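Undergrad: A single structure is presented below for examination.
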Amino acid sequence: MATELPKKQAVIVGVGWAGGIIAAELAKAGIEVLGLERGADRTPADFIMQKDEMKYALDHDLMQDLSKETVSFRNDNDMTALPMRQTGSFVLGTDLGGAGIHWNGQAPRFFPYDFEIRSQTIEKYGEEKIEEGITLQDWGITYDELEPYYTQWEKTAGISGEQNDMTPWMSEDYPTPPMKETPAIRLFKDAASELGLHPHQRPSANLSENYTNPDGKTIYQCQFCSFCERFGCDYQAKSDPLITVIPTAVDTGNFEIKTHANVREVAHEDGKAVGVYYIDGNDGQQYFQPADMVILTTYVLNNTRLMLQSGIGRPYDPETEEGVVGKHYCYQIMSGAQGMFEDKQFNLYAGAGALGGGVEDYNADNFDHSDLDFIHGGVLSLNQTGIRPIETNPVPPDTKSWGSEFKKASTHYFYRTLSIGCQGASMPYRYNYLDLDPTYTDENGDPLLRMTYNFTDQDRKLAAHQAERSEEIMKQMGADIVRQTNQATGDYNIVPYQTTHNTGGTIMGASSETSVVNNYSQVWDCENLFVVGASTFSHNSGNNPTPTVGALAYRAAEGMLEYFDNPGILVDDED
Amino acid sequence: MADEKKPSGLTRREFIKNGSFAVGGLIGGGLIGGMLFNTSSETSTSTSNGDHNHGNGSNDYMEARLFFKRQEDFRVLSSAVERIFPEDEVGPGAIALSVPYFIDRQLAGSWGFNAREYMDGPFEEGEDTQGTQSALLRRDAFLQGVRLIQKEAKANHDGENYFDLTEEQQDAILEKFEAGDVEMNGMSSSQFFSLLRTATLRGVYSDPVYGGNKNMDGWRMKKYPGGQMAYMNIIEDEEFHDMEPISLHEHHN
């Protein structure tokens with residue numbers, strides 16, 4: 001039995017970037033908002049002097065406790081999905097602020113091409129350009145329509161950056177100037193320029209100077225201490241929800257947060273959400289929280305799981321290609337090049353999560369694909385995030401992985417090794433999808449989310465191409481030993497860390513027939529339910545997802561306020 | 001424990017250190033012999049690395065076993081991790097950096113219990129791409145693994161202990177584990193070797209608060225400056241800056 005609580009106007013499930021943005025916008029407008037966060041409370045004081053590689057980078061202190069809940073995984077329908085028992089390929093954030101705390105702060109936009117990828121690909125190259133099984137869809141919104149919301153999020157976060165001919169157009173410049181250049185980044189940019197490419201300093205949420213955002217929240221200047229990814233920031237110099245949107249929402253007096261509140265199900269009647277069921281981790285009891293509006297802003301994977309568990313929307317079936325919830329699970333295809341320099345040592349212990357140089361020449365449709373057998377691409381970047389000694393042990397090819405030989409090589413090359421990485425765009429594939437596992441359950445006995453995913457030929461060709469381009473730049477940089485790196489030569493493997501840019505499952509589109517939500521992140525089949533976050537991406541681009549999550553969240557908040565005034569579906573359904 | 005009295009009135013440590021008692025046959029036999037050997041191994045650990053005794057005394061009190069009950073197991077572990085990260089001209093090895101004690105403490109805690117990992121059944125073998133599906137806790141894997149290392153040594157070298165073999169002989173046994181050629185229950189020997197290697201590198205390079213990386217000498221070897229508060233002043237510099245490392249101890253005191 002669940003204890004029923006007093007009704008709220010809006011309940012937000014999961015309080016990270018997306019939940020925080022929506023809480024701030026609704027609360028500012030006078031809506032009474034409750035945030036249910038299944039993790040613990042957190043403040044910036046939790047991040048002071050926590051420079052501990054093992055605890056955070058290796059043992060994932062800021063990440064989900066997999067003993068309570070994980071996902072199951074298989075490469076294809078012929079395999080039995082088995083639980084992801086240890087964190088590996090991606091790191092799932094938890095606690096107040098969510099993944100917005102442990103992120104690196106790399107803050108690029110997606111490209112105009114992304115939002116109309118199917119139409120533009122067909123228009124330019126013909127339909128046969130799209131490989132069999134690649135189920136491309138336009139997003140039901142254009143870049144130009146989303147552009148003001150990107151600007152709004154960048155102002156909230158204070159992003160430091162610069163534009164050039166290859167970056168997406170912006171109506172206003174970044175709020176703060178680009179980050180400093182390091183010798184390694186300069187070497188990369190010079191080499192890229194010599195090859196005729198267009199390097200730029202990467203847009204960064206580690207700020208180049210102190211900045212106060214339109215809500216009056218201050219983000220401080222980055223000190224390059226290098227403890228960004230998988231860490232909270234010592235200085236409140238990495239924009240995150242805890243120092244921006246969450247306190248903005250709380251300051252209104254209209255936002256209440258309950259932590260340790262693990263939502264299991266969205267209750268719905270006659271096509272409308274009526275509230276959520278959650279278990280309070282403090283007393284172990286189940287509660288029913290009624291609400292006029294429910295907003296799912298958990299991570300990608302849990303957004304999809306909650307939809308499936310609640311029985312809202314039609315689950316996707318890859319055999320019939322019917323249904324929508326769970327389809328278009330996408331990831332990113334990581335490749336690049338590594339270079340070792342005998343005569344140079346770089347101060348690589350120093351850095352920042354988003355300190356880097358990048359080239360967008362081989363991203364989106366910025367280069368001609370007529371003679372290539374794949375579409376899209378990805379950013380090539382050299383990031384100086386700061387290396388740490390347990391995980392970073394570069395050795396030349398064919399070096400033994402232990403013993404004196406390893407010790408000599410790994411200490412020698414520690415500061416002599418640079419890497420160029422590509423975040424390869426990930427196209428939706430008919431058989432890559434999410435559903436509920438038939439066997440494995442979480443701590444409450446609810447089914448785990450099952451991920452069925454593998455790389456496709458499109459992915460492997462894209463990755464190989466980007467690795468070659470990276471190798472060219474690294475050679476131009478003058479490295480003595482150069483080799484390509486590529487995570488996508490075989491099957492997707494859930495063990496080695498690749499990226500936490502998981503996307504899809506509750507995708508956005510122009511029609512209820514092919515998508516879960518419209519371009520306000522409103523669920524077609526349940527008009528007072530909104531699902532916000534990268535789970536609404538119809539494919540994943542070749543860049544970091546957070547700014548697009550932020551932009552879509554601001555747009556969603558606008559739609560929610562509109563809905564409170566005029567209930568109903570906010571966008572005409574093309575079906 | 002150091003002051004635990006033996007019937008003779010000697011402390012345990014004096015009792016063990018006094019070779020004549022043990023070797024003279026007061027108790028005799030394997031058990032006390034093992035304790036005696038272990039003591040000498042600890043002595044050689046600290047002498048091989050003399051200046052580490054200048055560290056604060058409280059750190060040395062932590063060099064005692066929390067997890068491994070049998071000294072023989074701990075001696076095998078110590079010898080194995082020293083082969084993975086040996087003392088050489090580059091700098092101290094795993095024993096001098098206190099890696100065996102680091103691993104012992106890790107196994108005694110949440111890491112040893114796989115506390116934050118999904119450990120519910122059913123357990124099936126699965127494909128490599130699906131990651132470990134072992135039901136074995138790390139603490140049990142280490143006990144099984146070091147005992148199998150010892151068993152390999154004894155079986156192939158006339159009953160000799162692993163820790164008494166030559167470096168080449170010790171390496172050959174580890175290579176056999178690395179190749180997956182030793183039968184283990186619950187995980188492959190290559191998985192165990194990988195675990196052992198990872199644990200060793202963690203012990204060499206993690207913050208000294210965990211008991212390894214003694215005196216930050218692991219970091220010094222790699223010129224790693226630890227958790228400095230800021231690099232604003234050097235971030236743009238061309239020249240390489242080597243600096244004295246900072247640990248959590250400095251941050252928190």
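By order of appearance in the structure tokens: chains A, B, ..., then residues from 1 within every chain, and ligands from 1 in the order shown.
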Excluding same-chain residues fewer than 2 positions from Glu131 in chain A, what lies within 10 Å of it counting only C-alpha atoms, as a VMD selection string?
TA: chain A and resid 127 to 129 133 to 136 373 to 375 429 456 to 458
Undergrad: Export, as an mmCIF file, in the first residue's frame, the selected residues with N, CA and C atoms.
TA:
```cif
data_model
loop_
_atom_site.group_PDB
_atom_site.id
_atom_site.type_symbol
_atom_site.label_atom_id
_atom_site.label_comp_id
_atom_site.auth_asym_id
_atom_site.auth_seq_id
_atom_site.Cartn_x
_atom_site.Cartn_y
_atom_site.Cartn_z
ATOM 1 N N GLU A 127 18.149 8.983 -51.270
ATOM 2 C CA GLU A 127 17.752 8.083 -50.188
ATOM 3 C C GLU A 127 18.682 6.882 -50.056
ATOM 4 N N GLU A 128 19.278 6.474 -51.193
ATOM 5 C CA GLU A 128 20.149 5.287 -51.153
ATOM 6 C C GLU A 128 21.414 5.523 -50.344
ATOM 7 N N LYS A 129 21.660 6.787 -49.995
ATOM 8 C CA LYS A 129 22.834 7.088 -49.162
ATOM 9 C C LYS A 129 22.677 6.506 -47.758
ATOM 10 N N GLY A 133 18.496 -0.377 -42.675
ATOM 11 C CA GLY A 133 18.388 -0.557 -41.225
ATOM 12 C C GLY A 133 18.687 0.692 -40.427
ATOM 13 N N ILE A 134 19.254 1.707 -41.086
ATOM 14 C CA ILE A 134 19.510 2.983 -40.399
ATOM 15 C C ILE A 134 18.220 3.798 -40.490
ATOM 16 N N THR A 135 17.531 3.916 -39.369
ATOM 17 C CA THR A 135 16.159 4.452 -39.362
ATOM 18 C C THR A 135 16.146 5.950 -39.030
ATOM 19 N N LEU A 136 16.855 6.711 -39.847
ATOM 20 C CA LEU A 136 16.973 8.161 -39.611
ATOM 21 C C LEU A 136 15.620 8.858 -39.558
ATOM 22 N N ASP A 373 31.326 6.231 -47.813
ATOM 23 C CA ASP A 373 30.262 5.239 -47.653
ATOM 24 C C ASP A 373 29.623 5.303 -46.262
ATOM 25 N N PHE A 374 29.572 6.506 -45.713
ATOM 26 C CA PHE A 374 28.867 6.712 -44.450
ATOM 27 C C PHE A 374 28.359 8.146 -44.434
ATOM 28 N N ILE A 375 27.517 8.455 -43.464
ATOM 29 C CA ILE A 375 27.052 9.828 -43.288
ATOM 30 C C ILE A 375 27.529 10.359 -41.932
ATOM 31 N N TYR A 429 19.649 2.591 -35.450
ATOM 32 C CA TYR A 429 19.637 1.339 -36.183
ATOM 33 C C TYR A 429 18.448 0.528 -35.677
ATOM 34 N N THR A 456 27.297 -0.574 -36.083
ATOM 35 C CA THR A 456 26.868 -0.956 -37.431
ATOM 36 C C THR A 456 28.014 -0.705 -38.409
ATOM 37 N N ASP A 457 27.825 -1.114 -39.655
ATOM 38 C CA ASP A 457 28.846 -0.837 -40.680
ATOM 39 C C ASP A 457 29.055 0.665 -40.813
ATOM 40 N N GLN A 458 27.956 1.425 -40.782
ATOM 41 C CA GLN A 458 28.036 2.884 -40.823
ATOM 42 C C GLN A 458 28.978 3.395 -39.718
#
```
Undergrad: Please find the residues of chain A near chain B - the criterion being any atom within 8 Å, counting only C-alpha atoms - and write them as a VMD selection string.
TA: chain A and resid 49 to 54 65 to 70 73 to 75 80 82 to 87 180 to 183 223 to 225 345 to 347 349 to 351 388 to 390 402 to 404 407 to 408 411 to 412 414 440 491 to 495
Undergrad: Using only C-alpha atoms, determine which residues lie at most 8 Å from Glu25 in chain A, disregarding the query and same-chain residues fewer than 6 positions distant; provide the list as number ranges by chain.
TA: A: 249, 554, 557-558
Undergrad: If you run DSSP on the backbone here, which positions in range 215-387 of chain A get strand (DSSP E)? Please write them as a PyMOL selection string.
TA: chain A and resi 218-219+255-258+261-269+272-280+286-296+333-340+356-359+378-383
Undergrad: One decimal, Å: what's the distance from CA of Glu32 in chain A over to CA of Ala10 in chain A, could you say?
TA: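 Value for the CA of Glu32 in chain A-CA of Ala10 in chain A distance: 6.4 Å.
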Undergrad: Any chance you could list, as a list of chain:residue names, the residues in range 314-472 of chain A that come up helix (DSSP H, G or I) when DSSP is run on the backbone?
TA: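 The helix (DSSP H, G or I) residues within range 314-472 of chain A come out as A:Gly403, A:Ser404, A:Glu405, A:Phe406, A:Lys407, A:Lys408, A:Ala409, A:Ser410, A:Thr411, A:His412, A:Asp457, A:Gln458, A:Asp459, A:Arg460, A:Lys461, A:Leu462, A:Ala463, A:Ala464, A:His465, A:Gln466, A:Ala467, A:Glu468, A:Arg469, A:Ser470, A:Glu471, A:Glu472.
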Undergrad: Skipping near chain neighbours, those fewer than 2 positions away, what residues fall within 7 Å of Ile95 in chain B using only C-alpha atoms, listed as a list in words?
TA: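 Non-adjacent residues within range: Thr45, Ser78, Glu82, Gly93, Leu97, Ser98, Val99 and Pro100 of chain B.
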Undergrad: Find the spatial neighbours of Gly16 in chain A, counting only C-alpha atoms, within a cut-off of 7 Å - ignore same-chain residues fewer than 6 positions away - and output them as number ranges by chain.
TA: A: 96-100, 241
Undergrad: Just the selected residues (N, CA and C atoms), exported as a PDB file, in the first residue's frame, please.
TA:
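Saved as again_32.pdb:
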```pdb
ATOM      1  N   LEU A  96      21.829  14.611  -6.033  1.00  0.00           N
ATOM      2  CA  LEU A  96      21.320  15.911  -6.487  1.00  0.00           C
ATOM      3  C   LEU A  96      22.305  16.561  -7.476  1.00  0.00           C
ATOM      4  N   GLY A  97      21.776  17.008  -8.596  1.00  0.00           N
ATOM      5  CA  GLY A  97      22.634  17.569  -9.650  1.00  0.00           C
ATOM      6  C   GLY A  97      22.944  16.568 -10.747  1.00  0.00           C
ATOM      7  N   GLY A  98      22.774  15.282 -10.439  1.00  0.00           N
ATOM      8  CA  GLY A  98      22.900  14.209 -11.428  1.00  0.00           C
ATOM      9  C   GLY A  98      24.223  14.218 -12.173  1.00  0.00           C
ATOM     10  N   ALA A  99      24.160  13.840 -13.438  1.00  0.00           N
ATOM     11  CA  ALA A  99      25.363  13.794 -14.269  1.00  0.00           C
ATOM     12  C   ALA A  99      25.910  15.191 -14.532  1.00  0.00           C
ATOM     13  N   GLY A 100      25.100  16.206 -14.242  1.00  0.00           N
ATOM     14  CA  GLY A 100      25.558  17.592 -14.388  1.00  0.00           C
ATOM     15  C   GLY A 100      26.649  17.958 -13.406  1.00  0.00           C
ATOM     16  N   PRO A 241      24.273  22.191 -12.133  1.00  0.00           N
ATOM     17  CA  PRO A 241      22.936  22.568 -11.643  1.00  0.00           C
ATOM     18  C   PRO A 241      22.934  23.050 -10.192  1.00  0.00           C
TER      19      PRO A 241
END
```
Undergrad: CA of Cys233 in chain A and CA of Asn210 in chain A are how many Å apart?
TA: 14.4 Å
Undergrad: Between A:Ser226, A:His539, A:Arg109, A:Asp215, which is the closest to Met170 in chain A once you count only C-alpha atoms?
TA: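 That would be A:Arg109, the residue with the smallest distance to Met170 in chain A.
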